[in-house]
file query.cif (mmCIF, C-alpha atoms)
data_query
loop_
_atom_site.label_atom_id
_atom_site.label_comp_id
_atom_site.auth_asym_id
_atom_site.auth_seq_id
_atom_site.Cartn_x
_atom_site.Cartn_y
_atom_site.Cartn_z
CA MET A 238 -47.61 107.02 32.96
CA LYS A 239 -44.87 105.30 34.96
CA ILE A 240 -44.10 101.61 35.35
CA THR A 241 -44.63 100.70 39.00
CA ARG A 242 -44.15 96.94 38.86
CA ILE A 243 -43.14 94.15 36.51
CA ARG A 244 -44.36 90.84 37.85
CA PRO A 245 -43.58 87.44 36.31
CA TRP A 246 -46.06 84.61 36.73
CA HIS A 247 -44.85 81.00 36.38
CA VAL A 248 -47.96 78.83 36.30
CA SER A 249 -49.27 75.46 35.17
CA GLY A 250 -51.96 75.36 32.54
CA PRO A 251 -54.55 72.97 31.16
CA ALA A 252 -53.67 70.37 28.57
CA ALA A 253 -54.91 70.74 25.00
CA GLU A 254 -56.77 67.41 25.33
CA ALA A 255 -59.19 66.27 27.99
CA ASP A 256 -57.60 62.87 28.65
CA ALA A 257 -55.40 62.50 31.71
CA SER A 258 -52.34 61.45 29.71
CA SER A 259 -52.08 64.79 27.91
CA THR A 260 -49.14 67.01 28.77
CA ARG A 261 -49.78 69.98 31.05
CA LEU A 262 -47.38 72.78 30.18
CA SER A 263 -45.91 75.49 32.36
CA TYR A 264 -46.27 79.09 31.20
CA VAL A 265 -44.55 82.37 31.96
CA PHE A 266 -46.67 85.52 31.81
CA VAL A 267 -45.53 89.08 32.47
CA GLN A 268 -47.74 91.61 34.24
CA VAL A 269 -46.73 95.27 33.89
CA GLU A 270 -48.50 97.71 36.22
CA THR A 271 -48.57 101.50 35.99
CA ASP A 272 -49.29 104.45 38.27
CA GLU A 273 -52.43 105.25 36.25
CA GLY A 274 -54.06 101.91 37.04
CA LEU A 275 -53.55 100.32 33.62
CA THR A 276 -52.12 96.78 33.53
CA GLY A 277 -50.58 95.11 30.49
CA TRP A 278 -49.95 91.42 29.88
CA GLY A 279 -47.07 89.73 28.07
CA GLU A 280 -45.74 86.19 27.76
CA ILE A 281 -42.35 84.47 27.56
CA THR A 282 -43.22 80.77 27.79
CA THR A 283 -40.13 78.88 26.70
CA TYR A 284 -38.65 75.40 26.47
CA PRO A 285 -37.49 72.90 27.71
CA GLY A 286 -40.14 73.46 30.31
CA SER A 287 -39.43 74.25 33.93
CA VAL A 288 -35.69 74.95 33.91
CA ALA A 289 -35.82 77.57 31.15
CA ASN A 290 -39.02 79.08 32.53
CA ARG A 291 -37.66 79.34 36.09
CA THR A 292 -34.48 80.96 34.80
CA ILE A 293 -36.33 83.61 32.78
CA VAL A 294 -38.59 84.36 35.76
CA ALA A 295 -35.57 85.00 37.97
CA ALA A 296 -34.08 87.34 35.38
CA LEU A 297 -37.39 89.21 35.03
CA ARG A 298 -37.37 90.03 38.72
CA GLU A 299 -34.06 91.85 38.26
CA VAL A 300 -35.29 93.60 35.13
CA GLY A 301 -38.40 94.78 36.95
CA GLU A 302 -36.33 96.89 39.29
CA PHE A 303 -34.25 98.14 36.38
CA LEU A 304 -37.32 99.50 34.55
CA ARG A 305 -39.34 100.74 37.50
CA GLY A 306 -40.26 104.41 36.98
CA GLU A 307 -39.87 104.35 33.18
CA ASP A 308 -42.57 106.00 31.05
CA ALA A 309 -44.68 103.05 29.87
CA SER A 310 -45.65 104.87 26.67
CA GLN A 311 -42.05 104.97 25.41
CA ILE A 312 -42.01 101.44 24.06
CA GLU A 313 -39.13 101.76 21.60
CA ALA A 314 -36.88 103.50 24.10
CA ILE A 315 -37.55 100.86 26.76
CA TRP A 316 -36.85 98.07 24.25
CA HIS A 317 -33.42 99.50 23.47
CA LYS A 318 -32.61 100.28 27.10
CA LEU A 319 -33.31 96.70 28.12
CA VAL A 320 -31.62 94.94 25.20
CA ARG A 321 -28.50 97.10 25.31
CA ALA A 322 -28.16 96.53 29.06
CA PHE A 323 -27.11 92.97 28.17
CA THR A 324 -24.82 93.86 25.28
CA TYR A 325 -21.73 92.17 26.74
CA VAL A 326 -23.45 88.88 27.55
CA GLY A 327 -25.54 88.80 24.40
CA THR A 328 -28.52 90.69 23.03
CA ARG A 329 -30.33 87.62 21.67
CA GLY A 330 -32.20 84.67 23.14
CA ALA A 331 -32.95 85.19 26.85
CA THR A 332 -32.41 88.93 26.47
CA THR A 333 -34.89 89.35 23.64
CA ALA A 334 -37.32 87.00 25.39
CA MET A 335 -37.40 89.34 28.38
CA ALA A 336 -37.76 92.31 26.06
CA SER A 337 -40.56 90.50 24.22
CA GLY A 338 -42.74 89.89 27.25
CA ILE A 339 -42.40 93.45 28.48
CA ASP A 340 -42.85 94.92 24.98
CA ILE A 341 -46.12 93.00 24.47
CA ALA A 342 -47.40 94.25 27.82
CA LEU A 343 -46.48 97.84 26.98
CA TRP A 344 -48.34 97.66 23.66
CA ASP A 345 -51.31 96.26 25.59
CA ILE A 346 -51.16 99.26 27.93
CA LYS A 347 -50.87 101.74 25.07
CA GLY A 348 -53.86 100.26 23.28
CA GLN A 349 -55.90 100.44 26.46
CA ALA A 350 -54.83 104.03 27.10
CA LEU A 351 -55.89 105.08 23.59
CA GLY A 352 -58.99 102.88 23.50
CA VAL A 353 -58.06 100.86 20.39
CA PRO A 354 -56.76 97.36 19.54
CA ILE A 355 -53.02 97.11 19.02
CA TYR A 356 -53.39 96.48 15.29
CA GLU A 357 -54.90 99.95 14.89
CA LEU A 358 -51.64 101.39 16.26
CA LEU A 359 -49.66 99.36 13.69
CA GLY A 360 -51.41 100.78 10.64
CA GLY A 361 -54.84 99.20 10.83
CA ALA A 362 -56.30 95.94 9.62
CA VAL A 363 -55.68 94.49 6.17
CA ARG A 364 -57.84 91.39 6.88
CA GLU A 365 -60.88 90.44 8.91
CA THR A 366 -59.61 87.31 10.70
CA ILE A 367 -56.37 85.38 11.23
CA PRO A 368 -56.20 81.96 9.48
CA LEU A 369 -54.53 79.30 11.60
CA TYR A 370 -52.48 76.21 11.06
CA THR A 371 -52.76 73.80 13.94
CA HIS A 372 -51.23 70.76 15.58
CA PHE A 373 -52.88 67.49 16.56
CA GLN A 374 -52.06 64.98 19.26
CA TYR A 375 -49.12 62.62 18.67
CA SER A 376 -49.32 58.84 18.60
CA ASN A 377 -46.63 56.27 17.82
CA THR A 378 -48.87 54.31 15.45
CA VAL A 379 -49.82 55.19 11.90
CA GLU A 380 -53.49 54.38 12.47
CA GLN A 381 -53.86 56.63 15.53
CA MET A 382 -51.94 59.50 13.91
CA VAL A 383 -54.35 59.35 10.98
CA GLU A 384 -57.32 59.38 13.33
CA ASN A 385 -55.93 62.36 15.24
CA ALA A 386 -55.20 64.30 12.03
CA VAL A 387 -58.63 63.61 10.58
CA GLY A 388 -60.19 64.70 13.85
CA GLU A 389 -58.40 68.04 13.78
CA VAL A 390 -59.58 68.63 10.21
CA ALA A 391 -63.13 67.68 11.22
CA ARG A 392 -62.97 70.36 13.92
CA GLY A 393 -62.29 72.98 11.26
CA SER A 394 -58.56 73.12 10.59
CA ARG A 395 -57.55 73.62 6.96
CA ALA A 396 -53.81 73.33 7.65
CA ILE A 397 -52.24 70.83 10.05
CA LYS A 398 -48.67 70.44 11.25
CA THR A 399 -46.84 67.57 12.89
CA ASP A 400 -43.42 66.04 13.49
CA PRO A 401 -44.00 62.44 12.40
CA PHE A 402 -40.51 61.33 13.39
CA MET A 403 -40.86 62.60 16.95
CA ALA A 404 -44.29 60.98 17.12
CA ALA A 405 -42.80 57.68 15.93
CA GLY A 406 -40.34 57.62 18.82
CA GLY A 407 -37.51 59.84 17.62
CA LEU A 408 -35.67 62.63 19.41
CA SER A 409 -37.42 65.34 21.40
CA ASN A 410 -37.30 68.95 20.22
CA VAL A 411 -34.60 69.93 22.73
CA SER A 412 -32.13 67.16 21.86
CA TYR A 413 -29.24 67.09 19.41
CA ILE A 414 -26.22 64.79 19.48
CA ASP A 415 -25.32 63.51 16.03
CA GLY A 416 -28.39 64.58 14.06
CA GLN A 417 -29.25 61.08 12.89
CA ILE A 418 -32.41 58.99 13.08
CA GLU A 419 -33.09 55.28 13.38
CA ARG A 420 -34.33 53.79 10.12
CA SER A 421 -37.34 52.18 11.76
CA VAL A 422 -38.43 55.56 13.18
CA GLU A 423 -37.84 57.23 9.82
CA ASN A 424 -39.88 54.65 7.94
CA THR A 425 -42.76 54.87 10.41
CA GLY A 426 -42.73 58.68 10.19
CA VAL A 427 -42.89 58.62 6.40
CA ALA A 428 -45.71 56.07 6.53
CA MET A 429 -47.62 58.38 8.86
CA ILE A 430 -47.50 61.29 6.41
CA ALA A 431 -48.39 59.07 3.44
CA ALA A 432 -51.45 57.80 5.29
CA ILE A 433 -52.44 61.25 6.58
CA ARG A 434 -52.27 62.74 3.10
CA ASP A 435 -54.41 59.95 1.75
CA ALA A 436 -56.94 60.41 4.57
CA VAL A 437 -57.31 64.22 4.49
CA GLY A 438 -57.17 64.56 0.72
CA PRO A 439 -55.36 67.07 -1.50
CA ASP A 440 -57.00 70.28 -0.25
CA ILE A 441 -55.75 70.22 3.35
CA GLU A 442 -52.30 71.69 3.89
CA VAL A 443 -49.83 69.40 5.67
CA LEU A 444 -46.78 71.01 7.27
CA ILE A 445 -43.79 69.13 8.68
CA ASP A 446 -41.74 70.24 11.69
CA ALA A 447 -38.24 68.77 11.94
CA HIS A 448 -37.49 70.67 15.17
CA ALA A 449 -33.89 71.47 14.09
CA LEU A 450 -32.86 67.93 15.00
CA TYR A 451 -30.92 66.71 11.98
CA ASN A 452 -27.53 66.87 10.34
CA VAL A 453 -27.32 67.84 6.69
CA PRO A 454 -27.55 64.41 4.98
CA THR A 455 -30.34 63.26 7.30
CA ALA A 456 -32.38 66.42 6.77
CA ILE A 457 -31.98 66.13 3.01
CA ARG A 458 -33.07 62.48 3.01
CA LEU A 459 -36.14 63.13 5.19
CA ALA A 460 -37.30 66.11 3.14
CA ASN A 461 -36.91 64.20 -0.11
CA ARG A 462 -38.84 61.22 1.24
CA LEU A 463 -41.74 63.47 2.29
CA ALA A 464 -41.82 65.54 -0.90
CA PRO A 465 -44.24 63.21 -2.78
CA TYR A 466 -46.95 63.97 -0.23
CA ALA A 467 -47.29 67.65 -1.19
CA ILE A 468 -46.15 69.06 2.14
CA THR A 469 -46.40 72.84 2.49
CA TRP A 470 -43.02 73.13 4.15
CA PHE A 471 -40.20 71.28 5.91
CA GLU A 472 -39.52 73.34 9.03
CA GLU A 473 -36.17 73.85 10.76
CA PRO A 474 -34.36 70.99 8.98
CA CYS A 475 -31.12 71.50 10.92
CA PRO A 476 -29.95 73.41 14.02
CA PRO A 477 -30.17 77.21 13.70
CA GLU A 478 -26.52 77.97 14.46
CA SER A 479 -25.29 77.30 10.91
CA TYR A 480 -26.63 79.18 7.90
CA ASP A 481 -24.21 77.16 5.78
CA ALA A 482 -25.86 73.89 6.82
CA LEU A 483 -29.26 75.35 5.94
CA GLU A 484 -27.90 76.41 2.56
CA GLN A 485 -26.72 72.85 1.82
CA VAL A 486 -30.11 71.39 2.70
CA ARG A 487 -32.01 73.98 0.68
CA ALA A 488 -29.94 73.29 -2.43
CA GLN A 489 -30.78 69.57 -2.38
CA VAL A 490 -34.48 69.31 -1.54
CA PRO A 491 -37.62 70.10 -3.58
CA THR A 492 -39.73 71.01 -0.53
CA ARG A 493 -40.33 74.55 0.71
CA ILE A 494 -38.36 75.53 3.83
CA SER A 495 -39.51 77.48 6.88
CA VAL A 496 -37.23 78.77 9.64
CA GLY A 497 -37.19 81.40 12.33
CA GLU A 498 -38.63 80.38 15.68
CA ARG A 499 -35.05 80.23 17.04
CA LEU A 500 -33.89 83.42 15.32
CA TYR A 501 -33.87 86.65 17.30
CA THR A 502 -34.52 90.16 15.99
CA ARG A 503 -34.39 91.43 12.42
CA PHE A 504 -30.61 91.25 12.52
CA GLU A 505 -30.63 87.42 12.48
CA PHE A 506 -33.37 87.24 9.86
CA LEU A 507 -31.55 89.49 7.40
CA PRO A 508 -28.84 86.98 6.32
CA VAL A 509 -31.46 84.22 5.96
CA LEU A 510 -33.35 86.47 3.56
CA THR A 511 -30.39 87.90 1.65
CA ARG A 512 -28.92 84.42 1.15
CA HIS A 513 -32.34 83.11 0.01
CA LEU A 514 -32.31 80.29 2.56
CA THR A 515 -36.02 80.04 3.27
CA ASP A 516 -39.47 80.29 1.72
CA TYR A 517 -41.26 81.30 4.92
CA VAL A 518 -40.15 83.02 8.14
CA MET A 519 -41.69 82.10 11.47
CA PRO A 520 -40.48 84.35 14.31
CA ASP A 521 -42.01 83.90 17.74
CA VAL A 522 -43.37 87.17 19.12
CA THR A 523 -42.51 86.13 22.69
CA TRP A 524 -38.84 85.37 21.92
CA THR A 525 -37.66 87.44 18.98
CA GLY A 526 -38.31 90.88 20.46
CA GLY A 527 -42.03 91.35 20.97
CA ILE A 528 -44.66 93.16 18.96
CA SER A 529 -42.20 95.92 18.03
CA GLU A 530 -39.72 93.48 16.51
CA LEU A 531 -42.27 91.17 14.89
CA LYS A 532 -43.64 94.08 12.89
CA LYS A 533 -40.12 95.01 11.74
CA ILE A 534 -39.30 91.43 10.73
CA ALA A 535 -42.55 91.21 8.78
CA THR A 536 -41.74 94.40 6.89
CA LEU A 537 -38.22 93.17 6.19
CA ALA A 538 -39.57 89.86 4.84
CA GLU A 539 -42.10 91.73 2.71
CA THR A 540 -39.26 93.38 0.78
CA PHE A 541 -38.27 89.84 -0.33
CA TYR A 542 -41.90 88.76 -0.93
CA ILE A 543 -41.44 86.09 1.74
CA PRO A 544 -44.55 85.16 3.76
CA ILE A 545 -44.46 85.38 7.53
CA SER A 546 -46.12 82.79 9.75
CA PRO A 547 -45.46 83.46 13.44
CA HIS A 548 -44.56 80.58 15.72
CA ASP A 549 -47.33 81.02 18.29
CA ALA A 550 -47.95 77.71 20.00
CA SER A 551 -47.48 78.44 23.70
CA GLY A 552 -50.06 80.42 25.67
CA PRO A 553 -52.98 82.73 24.90
CA ILE A 554 -50.97 85.96 25.08
CA ASN A 555 -48.52 84.48 22.58
CA VAL A 556 -51.40 83.78 20.18
CA LEU A 557 -53.06 87.17 20.63
CA ALA A 558 -49.84 89.19 20.32
CA GLY A 559 -48.92 87.44 17.06
CA ALA A 560 -52.45 87.89 15.76
CA GLN A 561 -52.54 91.61 16.54
CA VAL A 562 -49.42 92.16 14.43
CA MET A 563 -50.59 89.91 11.61
CA MET A 564 -53.83 91.88 11.30
CA SER A 565 -51.68 94.71 9.89
CA VAL A 566 -49.22 92.66 7.81
CA PRO A 567 -49.73 92.16 4.03
CA ASN A 568 -47.35 89.20 3.65
CA PHE A 569 -49.03 86.96 6.23
CA TYR A 570 -49.52 83.20 5.63
CA ARG A 571 -51.04 81.60 8.75
CA LEU A 572 -50.68 81.82 12.52
CA GLU A 573 -49.60 78.74 14.43
CA ALA A 574 -51.88 77.42 17.18
CA ARG A 575 -51.76 74.29 19.29
CA ARG A 576 -55.29 73.29 18.25
CA VAL A 577 -58.02 74.79 16.08
CA THR A 578 -60.32 74.65 19.09
CA LEU A 579 -58.69 76.90 21.68
CA ASP A 580 -61.15 76.35 24.53
CA PHE A 581 -58.42 74.98 26.80
CA TYR A 582 -56.93 78.51 26.94
CA ASN A 583 -60.12 79.95 28.37
CA SER A 584 -59.22 78.93 31.93
CA PHE A 585 -56.54 81.61 31.77
CA LEU A 586 -58.78 84.34 30.40
CA GLU A 587 -61.52 86.68 31.54
CA GLU A 588 -62.93 86.58 27.98
CA PRO A 589 -62.82 83.44 25.77
CA LEU A 590 -61.03 83.25 22.44
CA GLU A 591 -63.15 82.85 19.31
CA VAL A 592 -62.30 80.71 16.26
CA GLN A 593 -64.53 80.58 13.19
CA ASN A 594 -63.91 78.39 10.14
CA GLY A 595 -60.32 77.71 11.15
CA ALA A 596 -59.49 81.39 11.74
CA LEU A 597 -58.99 83.38 14.94
CA VAL A 598 -61.37 86.29 15.39
CA VAL A 599 -59.19 89.02 16.87
CA PRO A 600 -60.96 90.90 19.67
CA ARG A 601 -61.90 94.49 18.89
CA ARG A 602 -61.39 95.45 22.52
CA PRO A 603 -58.55 97.87 23.41
CA GLY A 604 -54.99 96.59 23.68
CA LEU A 605 -54.50 92.84 23.26
CA GLY A 606 -58.23 92.41 23.67
CA ALA A 607 -58.02 89.91 26.54
CA ARG A 608 -56.97 89.92 30.16
CA LEU A 609 -55.63 87.06 32.23
CA ASP A 610 -57.60 85.80 35.22
CA VAL A 611 -55.39 86.64 38.20
CA ALA A 612 -57.32 84.28 40.47
CA TYR A 613 -56.47 81.39 38.13
CA LEU A 614 -52.80 82.42 38.03
CA GLU A 615 -52.62 82.63 41.82
CA ALA A 616 -54.14 79.17 42.19
CA HIS A 617 -51.72 77.57 39.70
CA GLN A 618 -48.36 79.14 40.57
CA LEU A 619 -45.29 76.93 40.32
#
call {"tool": "encode", "arguments": {"input": "query.cif", "output": "structure tokens"}}
result
Amino acid sequence: MKITRIRPWHVSGPAAEADASSTRLSYVFVQVETDEGLTGWGEITTYPGSVANRTIVAALREVGEFLRGEDASQIEAIWHKLVRAFTYVGTRGATTAMASGIDIALWDIKGQALGVPIYELLGGAVRETIPLYTHFQYSNTVEQMVENAVGEVARGSRAIKTDPFMAAGGLSNVSYIDGQIERSVENTGVAMIAAIRDAVGPDIEVLIDAHALYNVPTAIRLANRLAPYAITWFEEPCPPESYDALEQVRAQVPTRISVGERLYTRFEFLPVLTRHLTDYVMPDVTWTGGISELKKIATLAETFYIPISPHDASGPINVLAGAQVMMSVPNFYRLEARRVTLDFYNSFLEEPLEVQNGALVVPRRPGLGARLDVAYLEAHQL
């Protein structure tokens, strides 16, 4: 079964909320076609929005020609061929993102060819459904943030995540200059979490995303100020380039730490684990190396008894690919999702996603279990 075409799709998608002010994201999907008529779908949606997505689409067009004619069933061999082709300009980041999208699509094809879901090819299911943790809409006021958080819980979420400092008017998640924060923004962010904890009660998990925005003393101060509110974790406290900075933060805060959405392949996760720098790992299946690599990272983390919680908050293929792997992983915590109600993804899909009691019901259909609606993609190309 030969690869005949690798086609990137750069498209706009619906917002997570119905109101007109909600952000509409751009997505990058990867369609892999074969000479036996089977088509697989992958995803590489990245940030900051259009510039990164357009760049990865251009690179995928070159890669498509490079892999044309390869045997689509040889997933591991194709992964290595692609990654090693970029060895002198770097085998992480954009390289593993391209490998991720294609790898996911190839696993989709293999599952379809064999008539089973991907998780059956990874050892079979160890759970029935995939528990989620979810985001809720930002607001710059304490009162509205509480209302939004309570609303997400009312819709069925048992674990909610937010960046209160970004919501309060702080830096965006693709900015870093000095790693500091205005005191007024900091105080408002802390007040938001205090009020949210009081409103949702002690049984709802509250997770904090710091978006790798802070220098060491700032990250330490923020984590310590949020610790009284029983947060599940303080995520990406400082930029990912320095393990030593992460080590300093970890030594001086009582909160649990989660890192990994900006780490690529098992080779970058290994020092984080051996140096005991985190309590959770959160690789993104569309960036770190695909389904093949996510399974390896999960197994590596299992040897340290560290839970894995994939960063899956982009598009529907991102969510489904992470879920397929987590069905087979013992050391799974929760899967990230943009909302507990995922109806806004259904515009992309031929079959809707199903969430019950705050958990994703993974389709039992072959491959990923869902196919993208090509007519929708054609109508929303960027």
call {"tool": "residues_near_point", "arguments": {"input": "query.cif", "point": "(-36.1, 65.8, 20.5)", "cutoff": "12 Å", "atoms": "all atoms listed in the file", "output": "VMD selection string"}}
result
chain A and resid 284 to 285 400 to 418 446 to 451 476
call {"tool": "residues_around", "arguments": {"input": "query.cif", "residues": "region 436-444 of chain A", "least_positions_apart": "3", "cutoff": "9 Å", "atoms": "all atoms listed in the file", "output": "PyMOL selection string"}}
result
chain A and resi 370+383-384+386-387+390+394-400+430-433+466-472
call {"tool": "resolve_selection", "arguments": {"input": "query.cif", "expression": "the PyMOL selection byres ((chain A and resi 589-601) around 7)", "output": "PyMOL selection string"}}
result
chain A and resi 354+366-369+393-395+560+577-579+583+586-588+602-603+606
call {"tool": "residues_near_point", "arguments": {"input": "query.cif", "point": "(-39.5, 85.7, 25.9)", "cutoff": "8 Å", "atoms": "all atoms listed in the file", "output": "list in words"}}
result
Glu280, Ile281, Thr282, Thr283, Ile293, Gly330, Ala331, Thr332, Thr333, Ala334, Met335, Ala336, Ser337, Gly338, Val522, Thr523, Trp524, Thr525, Gly526 and Gly527 of chain A
call {"tool": "closest_residue", "arguments": {"input": "query.cif", "among": "A:Ser529, A:Ala607, A:Pro520, A:Glu357", "to": "Gly277 (chain A)", "atoms": "all atoms listed in the file"}}
result
A:Ala607
call {"tool": "resolve_selection", "arguments": {"input": "query.cif", "expression": "the PyMOL selection byres ((chain A and resi 262) around 10)", "output": "ChimeraX atom specification"}}
result
/A:248-253,259-261,263-264,282,284,286-287,551-552
call {"tool": "resolve_selection", "arguments": {"input": "query.cif", "expression": "the PyMOL selection byres ((chain A and resi 508) around 12)", "output": "VMD selection string"}}
result
chain A and resid 479 to 481 483 to 484 497 500 502 to 507 509 to 515 537 to 538 541
call {"tool": "atom_distance", "arguments": {"input": "query.cif", "atom1": "CA of Arg244 (chain A)", "atom2": "CA of Leu343 (chain A)"}}
result
13.1 Å
call {"tool": "atom_distance", "arguments": {"input": "query.cif", "atom1": "CA of Leu531 (chain A)", "atom2": "CA of Glu389 (chain A)"}}
result
28.2 Å
call {"tool": "atom_distance", "arguments": {"input": "query.cif", "atom1": "CA of Tyr517 (chain A)", "atom2": "CA of Ser546 (chain A)"}}
result
7.0 Å
call {"tool": "build_atoms", "arguments": {"input": "query.cif", "residues": "region 444-458 of chain A", "atoms": "N, CA and C atoms", "output": "CSV table (one decimal), in the frame of the given file"}}
result
chain,number,residue,atom,x,y,z
A,444,LEU,N,-48.1,70.4,7.0
A,444,LEU,CA,-46.8,71.0,7.3
A,444,LEU,C,-46.0,70.1,8.2
A,445,ILE,N,-44.7,70.0,7.9
A,445,ILE,CA,-43.8,69.1,8.7
A,445,ILE,C,-42.8,69.9,9.5
A,446,ASP,N,-42.7,69.6,10.8
A,446,ASP,CA,-41.7,70.2,11.7
A,446,ASP,C,-40.6,69.2,12.0
A,447,ALA,N,-39.4,69.6,11.7
A,447,ALA,CA,-38.2,68.8,11.9
A,447,ALA,C,-37.5,69.2,13.2
A,448,HIS,N,-38.0,70.2,13.9
A,448,HIS,CA,-37.5,70.7,15.2
A,448,HIS,C,-36.0,70.8,15.2
A,449,ALA,N,-35.3,71.2,14.1
A,449,ALA,CA,-33.9,71.5,14.1
A,449,ALA,C,-33.1,70.3,14.6
A,450,LEU,N,-33.5,69.1,14.4
A,450,LEU,CA,-32.9,67.9,15.0
A,450,LEU,C,-31.8,67.2,14.2
A,451,TYR,N,-31.6,67.6,12.9
A,451,TYR,CA,-30.9,66.7,12.0
A,451,TYR,C,-29.7,67.3,11.4
A,452,ASN,N,-28.7,66.4,11.1
A,452,ASN,CA,-27.5,66.9,10.3
A,452,ASN,C,-27.9,67.0,8.9
A,453,VAL,N,-27.0,67.5,8.1
A,453,VAL,CA,-27.3,67.8,6.7
A,453,VAL,C,-27.8,66.6,5.9
A,454,PRO,N,-27.1,65.5,5.8
A,454,PRO,CA,-27.6,64.4,5.0
A,454,PRO,C,-28.9,63.8,5.5
A,455,THR,N,-29.1,63.8,6.8
A,455,THR,CA,-30.3,63.3,7.3
A,455,THR,C,-31.5,64.2,6.9
A,456,ALA,N,-31.3,65.5,7.1
A,456,ALA,CA,-32.4,66.4,6.8
A,456,ALA,C,-32.7,66.3,5.3
A,457,ILE,N,-31.7,66.2,4.5
A,457,ILE,CA,-32.0,66.1,3.0
A,457,ILE,C,-32.8,64.9,2.7
A,458,ARG,N,-32.4,63.7,3.3
A,458,ARG,CA,-33.1,62.5,3.0
A,458,ARG,C,-34.5,62.5,3.5
